[in-house]
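Report on the following structure.
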2 protein chains.
Amino acid sequence: MELMKPWSGIIAAYRDRLPLSDDAPSITLLEGNTPLIPSVALHETLPGNLDIFFKYEGLNPTGSFKDRGMVVAFARALARKAGICLCASTGNTAASAAAYAARSGLRCIVLLPEGSIARGKLAQAAMHGARIVSIAGPFDNAMRMAQELVLERPEIELVNSVNPFRIEGQKTAAFEVSDVLGDAPDFHFLPVGNAGNITAYWKGYREYAQAGKISRLPRMVGFEAAGAAPIVEGRIISNPQTVASAIRIGNPASWKGAVCAASESGGWIGSVTDEAILDAYQFLARREGIFVEPASAAGVAGLRQEVARGRIPPGSRVVITLTGHGLKDPDISTQVAAPQPISIAPVLAELQRAVEE
Amino acid sequence: MELMKPWSGIIAAYRDRLPLSDDAPSITLLEGNTPLIPSVALHETLPGNLDIFFKYEGLNPTGSFKDRGMVVAFARALARKAGICLCASTGNTAASAAAYAARSGLRCIVLLPEGSIARGKLAQAAMHGARIVSIAGPFDNAMRMAQELVLERPEIELVNSVNPFRIEGQKTAAFEVSDVLGDAPDFHFLPVGNAGNITAYWKGYREYAQAGKISRLPRMVGFEAAGAAPIVEGRIISNPQTVASAIRIGNPASWKGAVCAASESGGWIGSVTDEAILDAYQFLARREGIFVEPASAAGVAGLRQEVARGRIPPGSRVVITLTGHGLKDPDISTQVAAPQPISIAPVLAELQRAVEE
């Protein structure tokens with residue numbers, strides 16, 4: 001085993017840093033341990049010789065970072081004998097909840113905002129056997145109703161990021177980044193939607209610093225989509241609009257956590273346009289060889305913007321979280337890079353021409 | 001770093017076992033190091049208390065096992081200064097080649113059999129900037145033409161599994177399984193399409209045994225789809241048919257390698273019906289919490305079949321390779337598990353009813 005030891009999932013890896021009782025049942029899809037990919041092209045194209053890494057969370061089992069928090073939320077739900085799990089979701093949470101519910105034998109109900117879910121994510125929730133309830137209006141309606149329901153039905157486990165065990169699990173990504181780099185980076189960039197992830201990373205970095213595992217803390221820099229930027233605008237957005245469906249949220253559940261992470265770390269929350277998001281999305285695929293869902297590109301669009309504004313010192317080490325895999329949202333990709341195959345007959349001369357063109 | 005060391009990709013991890021010159025440029029998307037997930041539900045539902053693990057190759061960067069061989073093929077292509085890479089593909093090879101070409105700045109041309117490519121895979125090749133050429137007829141036409149073209153154009157690197165560096169890279173999955181389990185399993189089950197993977201695993205296990213890293217060799221058991229089973233039927237299938245597009249191949253490039261792997265290891269090549277494939281495909285999603293593409297379920301369908309036939313001794317340790325992620329082929333999933341959301345107004349009473357139903 002030159003370079004690897006068996007990875008047993010984030011609970012086994014970091015149990016001593018998670019608030020789970022010893023009798024919490026073990027459950028895992030071997031989530032976590034995702035690659036920290038060094039940038040080649042973004043490093044080359046940005047000034048300042050930045051040391052850039054992508055934390056590619058799309059390589060969690062269900063294709064997004066949500067699995068980290070979900071496995072801990074389910075360990076908790078099983079420990080307290082909950083029979084049903086419930087979540088409101090823009091898609092990734094639903095896919096993850098449905099997968100862990102399938103593995104642990106719980107019923108799963110997912111509330112989705114009507115007509116705004118990426119195809120891949122809906123396919124996942126359905127394949128994993130979740131009951132899918134579509135609710136009129138934006139995500140925040142679904143979120144509020146989920147919270148109202150569990151007040152009346154305590155046997156139902158709400159596995160949204162308002163569930164503190166979700167944040168506890170998601171903080172392990174900060175542990176992994178620190179373990180691989182040997183310390184915290186100078187900056188940690190990531191997308192902000194419901195704002196659970198930036199809250200969780202900051203908690204993770206703080207705990208690792210307190211434990212003496214890292215010598216410093218990163219500046220946390222989060223990015224909302226310009227059409228769905230409640231934190232940046234300081235107001236609830238009743239009808240959020242962005243191509244990045246995973247962060248199409250107008251009233252983030254972890255709003256305060258995100259603001260604290262930014263201010264306490266000396267970082268900030270900004271916003272990026274859909275145009276900048278889609279440009280970064282294509283850049284990642286065409287130049288870095290990394291396919292992500294549009295929301296995942298918000299951190300990359302954000303770094304480009306902040307470098308242009310002179311806010312990132314030369315030589316800084318920057319980690320950017322890529323939250324979900326591009327296969328989550330194939331329809332967007334065909335809109336921006338419509339595959340138009342050249343059709344030819346099986347004749348070598350035609351292939352020769354196709355290669356030359 | 002309690003349980004992890006930085007993973008640097010399969011070339012860094014196993015370079016001393018790969019035929020790359022020291023000056024071969026380093027390239028990686030941190031492929032490999034994929035989870036070996038213990039079965040919960042298949043273990044429970046099959047007799048004989050089998051010790052079953054899933055090698056979940058869908059968590060490679062482009063969502064399939066192809067990345068292992070592709071990174072080595074590209075290291076070789078870059079070392080010899082090839083300017084263009086070419087492959088014929090049912091989709092996964094194209095997605096992987098396009099991603100590594102994007103990362104390494106090579107032109108990429110992919111030949112696809114007309115109208116039989118899963119949506120996700122086509123989206124990947126397009127997003128990564130590959131030139132997509134669609135050729136009338138089955139995969140084997142495209143494969144033959146690719147081979148003809150490179151005979152005339154040596155500056156073009158053919159990155160299909162006929163490229164020996166592909167097999168060299170893919171063999172690392174056998175190293176990882178052995179490293180994690182501490183030895184080889186009793187049986188290794190996997191799907192067979194173009195047959196490069198079973199050839200590669202067997203090479204990997206043999207090399208690890210020769211190096212004294214494992215004390216025994218597994219029986220290699222591969223499964224073709226019943227409508228695309230040239231090896232089982234002992235003849236080229238001119239018009240292969242199966243729902244599992246990734247193994248819809250009538251004349252495998254590594255035919256001999258697959259036969260050798262099966263016979264030398266005391267294993268065999270069998271076939272499974274599309275019905276059995278789709279049943280295993282749904283079982284994995286609904287009971288194990290693992291979403292794969294249909295072809296990936298062939299090994300699971302195969303194990304169920306061979307257990308029923310009494311060919312697997314009780315207590316055997318079985319590793320099953322799951323070759324690609326379910327998000328590769330969302331259309332199939334919606335056919336078998338059509339997501340039919342219940343639509344409700346944002347009123348708690350309606351949600352209450354939806355939960356009860």
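The chains in the structure tokens are called A, B, ... from first to last as shown; in each chain the residues are counted from 1, and the ligands are counted from 1 in the order shown.
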
**Request:** If you run DSSP over the backbone, which residues in range 120-268 of chain A end up helix (DSSP H, G or I)? Put them as a VMD selection string.
**Result:** chain A and resid 120 to 127 139 to 152 164 to 170 172 to 181 196 to 210 230 to 233 245 to 247 255 to 265

**Request:** Apply DSSP to the backbone of this structure and, from range 151-328 of chain A, keep only the residues in strand (DSSP E or B); write these as a PyMOL selection string.
**Result:** chain A and resi 156-158+187-191+219-225+228+268-272+292+317-322+324-325

Filtering to C-alpha atoms, could you give me those residues as an mmCIF file, in the first residue's frame?
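Saved file result-v4.cif follows:
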data_model
loop_
_atom_site.group_PDB
_atom_site.id
_atom_site.type_symbol
_atom_site.label_atom_id
_atom_site.label_comp_id
_atom_site.auth_asym_id
_atom_site.auth_seq_id
_atom_site.Cartn_x
_atom_site.Cartn_y
_atom_site.Cartn_z
ATOM 1 C CA ILE A 156 -39.574 12.519 10.907
ATOM 2 C CA GLU A 157 -35.886 13.450 10.656
ATOM 3 C CA LEU A 158 -35.315 16.687 8.762
ATOM 4 C CA PHE A 187 -8.003 31.611 0.952
ATOM 5 C CA HIS A 188 -10.911 29.185 0.619
ATOM 6 C CA PHE A 189 -13.348 30.082 -2.181
ATOM 7 C CA LEU A 190 -16.725 28.405 -2.607
ATOM 8 C CA PRO A 191 -20.268 28.909 -3.911
ATOM 9 C CA ARG A 219 -9.961 33.676 4.613
ATOM 10 C CA MET A 220 -13.390 32.330 3.650
ATOM 11 C CA VAL A 221 -14.703 33.875 0.435
ATOM 12 C CA GLY A 222 -18.147 32.837 -0.770
ATOM 13 C CA PHE A 223 -20.073 33.695 -3.932
ATOM 14 C CA GLU A 224 -23.774 33.912 -4.577
ATOM 15 C CA ALA A 225 -25.238 34.152 -8.058
ATOM 16 C CA ALA A 228 -29.938 35.034 -6.097
ATOM 17 C CA TRP A 268 -16.187 38.218 2.346
ATOM 18 C CA ILE A 269 -19.329 37.180 0.438
ATOM 19 C CA GLY A 270 -19.595 38.432 -3.134
ATOM 20 C CA SER A 271 -21.724 37.721 -6.164
ATOM 21 C CA VAL A 272 -20.983 36.675 -9.753
ATOM 22 C CA VAL A 292 -18.767 20.463 -12.786
ATOM 23 C CA ARG A 317 -2.496 29.483 -1.826
ATOM 24 C CA VAL A 318 -6.159 29.256 -2.793
ATOM 25 C CA VAL A 319 -8.481 26.257 -2.450
ATOM 26 C CA ILE A 320 -11.714 26.373 -4.450
ATOM 27 C CA THR A 321 -14.508 23.916 -3.649
ATOM 28 C CA LEU A 322 -16.212 22.430 -6.723
ATOM 29 C CA GLY A 324 -20.986 18.906 -7.690
ATOM 30 C CA HIS A 325 -20.272 16.878 -10.824
#

**Message:** Env of Leu42 in chain A: 9 Å cut, atoms = only C-alpha atoms, seq-sep filter 3 positions within chain, self excluded. Answer as a list in words.
**Reply:**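 So the residues in contact are Ser39, Thr45, Leu46, Leu50, Ile52, Phe283, Leu284, Arg287, Glu288, Val300 and Arg304 of chain A.
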
Using N, CA and C atoms, can you export the residues from the last selection as a CSV table (one decimal), in the first residue's frame?
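Dumped to again_20.csv:
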chain,number,residue,atom,x,y,z
A,39,SER,N,-4.5,23.2,-9.9
A,39,SER,CA,-4.9,23.8,-11.2
A,39,SER,C,-3.7,23.9,-12.1
A,45,THR,N,-3.4,31.3,-16.3
A,45,THR,CA,-4.1,32.4,-16.9
A,45,THR,C,-4.3,33.6,-15.9
A,46,LEU,N,-4.2,33.3,-14.7
A,46,LEU,CA,-4.3,34.4,-13.7
A,46,LEU,C,-3.0,34.9,-13.3
A,50,LEU,N,-0.5,32.3,-8.5
A,50,LEU,CA,-1.3,31.8,-7.4
A,50,LEU,C,-1.1,30.2,-7.3
A,52,ILE,N,-3.1,27.2,-6.8
A,52,ILE,CA,-4.6,27.0,-6.7
A,52,ILE,C,-4.9,25.5,-6.8
A,283,PHE,N,-14.6,27.0,-18.9
A,283,PHE,CA,-13.1,27.0,-18.7
A,283,PHE,C,-12.7,25.8,-18.0
A,284,LEU,N,-13.4,25.4,-16.9
A,284,LEU,CA,-13.0,24.2,-16.1
A,284,LEU,C,-13.0,23.0,-17.0
A,287,ARG,N,-10.2,23.5,-20.2
A,287,ARG,CA,-8.8,23.8,-19.9
A,287,ARG,C,-8.3,23.0,-18.7
A,288,GLU,N,-9.1,22.8,-17.7
A,288,GLU,CA,-8.6,22.0,-16.6
A,288,GLU,C,-9.0,20.5,-16.7
A,300,VAL,N,-14.9,29.7,-8.9
A,300,VAL,CA,-13.8,30.0,-9.9
A,300,VAL,C,-14.1,31.3,-10.5
A,304,ARG,N,-11.6,34.7,-10.2
A,304,ARG,CA,-11.2,35.5,-11.4
A,304,ARG,C,-11.6,37.0,-11.1

**Request:** May I ask which of the residues A:Val159, A:Leu18, A:Ala94, A:Thr28 is the closest one to Ala82 in chain A, counting only C-alpha atoms?
**Result:** A:Val159

**Message:** Nearest residue to chain A out of B:Gly250, B:Gly212, B:Gly105, B:Pro218, using only C-alpha atoms?
**Reply:**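 Among the listed residues, B:Gly105 lies closest to chain A.
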
**range 195-207 of chain A environment, 6 Å, only C-alpha atoms, sequence neighbours closer than 3 positions dropped, as a PyMOL selection string** = chain A and resi 161+167+170-171+174+192+210+252+254+257-258+261

**Request:** For Gln147 in chain B, please output as an MDAnalysis selection string all residues within 12 Å (counting only C-alpha atoms; exclusion window: fewer than 6 positions along the same chain).
**Result:** (chainID A and resid 348 351) or (chainID B and resid 86:88 111 140:141 153:154 156:163 253)

**Prompt:** With distances taken over only C-alpha atoms, which of B:Ile11, B:Ala280, B:Ala345, B:Ile231 is nearest to chain A?
**Reply:** B:Ala345

**Request:** Find the residues around Gly63 in chain A up to 12 Å (only C-alpha atoms counted), leave out those fewer than 4 positions away in its own chain, and share them as number ranges by chain.
**Result:** A: 29, 31-32, 34, 56-59, 67-68, 91-96, 99, 120-121, 124, 291-293, 296, 322-329; B: 58-63, 290-292, 325-328

**Prompt:** Can you tell me how far CA of Pro38 in chain A sits from CA of Ala12 in chain B, in Å to one decimal?
**Reply:** 14.2 Å

**Item:** Contact residues around Ala226 in chain B with only C-alpha atoms at 10 Å, ignoring same-chain residues under 4 positions, as a list of chain:residue names
**Value:**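 Here the answer would be B:Pro230, B:Val232, B:Glu233, B:Pro240, B:Gln241, B:Thr242, B:Arg248, B:Gly270, B:Ser271, B:Val272, B:Thr273, B:Asp274, B:Glu275, B:Ala276, B:Ile277.
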
**Asked** Out of A:Leu30, A:Glu357, A:Ala75, A:Leu217, which residue has the shortest atom-to-atom distance to Phe54 in chain B when counting only C-alpha atoms?
**Response**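 Of the candidates, the smallest distance to Phe54 in chain B is held by A:Leu30.
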